[in-house]
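**Student:** Once you've had a glance at the structure underneath, I'll fire off some questions.
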Amino acid sequence: MTDAITQALSEVGPRLKRVRTQRRVTLADLSAATGISKSTLSRLESGQRKPSLELLLPIAQAHQVPLDELVGAPEVGDPRVRLTARRLPRANGATMTVLPLTRQPGAPQAFKMILEPETGEPDPQVHEGYEWLYVLSGRLRLILADRDLTLGPGEAAEFDTRLPHWFGAVGRPAEILSLFGKQGERLHLRAKSR
C-alpha cells in the first residue's frame, strides 16, 4: 500500500465526523438514515474501524455527497491538473499568492507566485536549498547577500538559499515562477543559440 493511500485511509474517520457535524446530524440520525449502528459509526469516525464500501456508500448517500468527498482518495486517471492557490502573509501587511505547480514529493518543486509590493525594509533569510526565479510580469527586487538587483519580465536568477536572500515586488504586483530544489541541486536552463 502506498503512503498516499495509507494517508487517505487514516483521514477517512475525521472526514466522516467533520461532514456529519457540519450538517448538524447526530450519530442516531445517521444510524436511522443508513441502517448502520451508532457504535459502528462512532468507531468509523474515531478510526477504530476500517472503512469499507458497504459502510461508506450508505453514508455518502445519506449526506448526499460524492464518495470521493468522504474518502479523499488520490486522484487518478484524469489528465486535468487541479491546483489550489494559497494566499500567504508577508511583512508589512503585504501578501503573496502561491500556486504549487508540482504535486510529487521530492525536488525540484515548482511554484507560480504573485507578490504584492511591501513597504519597509527587506529581511533576508537563509535556509537549505537552491532556488531559480523567472519573472513573468512586473518587476522583482532580489537581495542576495550584498547584491541588490531588479529583474524584469523574462529575466531569471539562480542562487544557493544558504546565502541571505529576499525578494519582493517593485511598484506593483510581480508574477514569478519559482523552482526550488534540494541543497546542491542546480537547475540548468538550456537553449539553442540563434
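Chains: A, B, ... in order of the C-alpha cells. Residues: from 1 per chain. Ligands: from 1, in order shown.
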If you run DSSP on this backbone, which residues of range 58-171 of chain A come out as alpha helix (DSSP H), and could you give them as an mmCIF file with N, CA, C and O atoms, in the first residue's frame?
**Tutor:**
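And here is the file that came out, part_4.cif:
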```
data_model
loop_
_atom_site.group_PDB
_atom_site.id
_atom_site.type_symbol
_atom_site.label_atom_id
_atom_site.label_comp_id
_atom_site.auth_asym_id
_atom_site.auth_seq_id
_atom_site.Cartn_x
_atom_site.Cartn_y
_atom_site.Cartn_z
ATOM 1 N N PRO A 58 -23.639 3.974 1.943
ATOM 2 C CA PRO A 58 -24.860 4.498 2.553
ATOM 3 C C PRO A 58 -24.643 5.853 3.254
ATOM 4 O O PRO A 58 -25.537 6.697 3.264
ATOM 5 N N ILE A 59 -23.458 6.054 3.822
ATOM 6 C CA ILE A 59 -23.169 7.334 4.488
ATOM 7 C C ILE A 59 -23.117 8.456 3.452
ATOM 8 O O ILE A 59 -23.693 9.529 3.643
ATOM 9 N N ALA A 60 -22.421 8.209 2.328
ATOM 10 C CA ALA A 60 -22.361 9.209 1.249
ATOM 11 C C ALA A 60 -23.761 9.528 0.746
ATOM 12 O O ALA A 60 -24.106 10.692 0.506
ATOM 13 N N GLN A 61 -24.589 8.501 0.584
ATOM 14 C CA GLN A 61 -25.957 8.698 0.110
ATOM 15 C C GLN A 61 -26.773 9.505 1.124
ATOM 16 O O GLN A 61 -27.504 10.420 0.756
ATOM 17 N N ALA A 62 -26.637 9.199 2.399
ATOM 18 C CA ALA A 62 -27.383 9.920 3.439
ATOM 19 C C ALA A 62 -26.996 11.395 3.482
ATOM 20 O O ALA A 62 -27.846 12.266 3.664
ATOM 21 N N HIS A 63 -25.700 11.684 3.302
ATOM 22 C CA HIS A 63 -25.229 13.077 3.318
ATOM 23 C C HIS A 63 -25.382 13.751 1.954
ATOM 24 O O HIS A 63 -25.159 14.953 1.837
ATOM 25 N N LEU A 67 -18.780 9.997 -2.948
ATOM 26 C CA LEU A 67 -17.922 9.134 -2.136
ATOM 27 C C LEU A 67 -16.510 9.720 -2.021
ATOM 28 O O LEU A 67 -15.888 9.638 -0.965
ATOM 29 N N ASP A 68 -16.021 10.321 -3.103
ATOM 30 C CA ASP A 68 -14.686 10.929 -3.080
ATOM 31 C C ASP A 68 -14.544 11.967 -1.970
ATOM 32 O O ASP A 68 -13.472 12.131 -1.394
ATOM 33 N N GLU A 69 -15.621 12.688 -1.667
ATOM 34 C CA GLU A 69 -15.554 13.702 -0.618
ATOM 35 C C GLU A 69 -15.345 13.067 0.752
ATOM 36 O O GLU A 69 -14.671 13.623 1.607
ATOM 37 N N LEU A 70 -15.902 11.894 0.948
ATOM 38 C CA LEU A 70 -15.727 11.200 2.225
ATOM 39 C C LEU A 70 -14.370 10.529 2.323
ATOM 40 O O LEU A 70 -13.762 10.486 3.384
ATOM 41 N N VAL A 71 -13.904 10.000 1.220
ATOM 42 C CA VAL A 71 -12.670 9.223 1.228
ATOM 43 C C VAL A 71 -11.438 10.094 1.036
ATOM 44 O O VAL A 71 -10.391 9.849 1.614
#
```
**Student:** Show which residues sit within 12 Å of Arg90 in chain A, as a list in words. Count only C-alpha atoms, and ignore same-chain residues fewer than 2 positions away.
**Tutor:** Arg87, Leu88, Asn92, Gly93, Ala94, Thr95, Met96, Thr97, Val98, Ile114, Leu115, Glu116, Pro117, Glu118, Thr119, Gly120, Pro122, Asp123, Trp166, Phe167, Gly168 and Ala169 of chain A
**Student:** Which residue, A:Gln109, A:Val12, A:Leu44, A:Glu175, has the smallest gap to Leu27 in chain A when you use only C-alpha atoms?
**Tutor:**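 Using only C-alpha atoms, Leu27 in chain A sits closest to A:Leu44.
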**Student:** Which of these residues is nearest to Ile176 in chain A, using only C-alpha atoms: A:Leu163, A:Leu99, A:Leu144, A:Ala91?
**Tutor:**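 The answer is A:Leu99, which sits nearest to Ile176 in chain A.
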**Student:** Could you check which of A:Val170, A:Leu16, A:Ala4, A:Leu136 is closest to Pro153 in chain A, using only C-alpha atoms?
**Tutor:** A:Leu136
**Student:** Using only C-alpha atoms, pick whichever of A:Thr26, A:Thr161, A:Thr102, A:Ser178 has the shortest atom-to-atom distance to Trp132 in chain A.
**Tutor:**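 Closest residue, counting only C-alpha atoms: A:Ser178.
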**Student:** Of the candidates A:Leu133, A:Arg15, A:Ala28, A:Thr21, which one gets nearest to Leu56 in chain A if we count only C-alpha atoms?
**Tutor:**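 With only C-alpha atoms as the atom set, the closest residue is A:Arg15.
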**Student:** Which residue is closest to Pro51 in chain A? Choose from A:Pro89, A:Pro66, A:Gly152, A:Gly13 and count only C-alpha atoms.
**Tutor:**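 The closest residue to Pro51 in chain A is A:Gly13.
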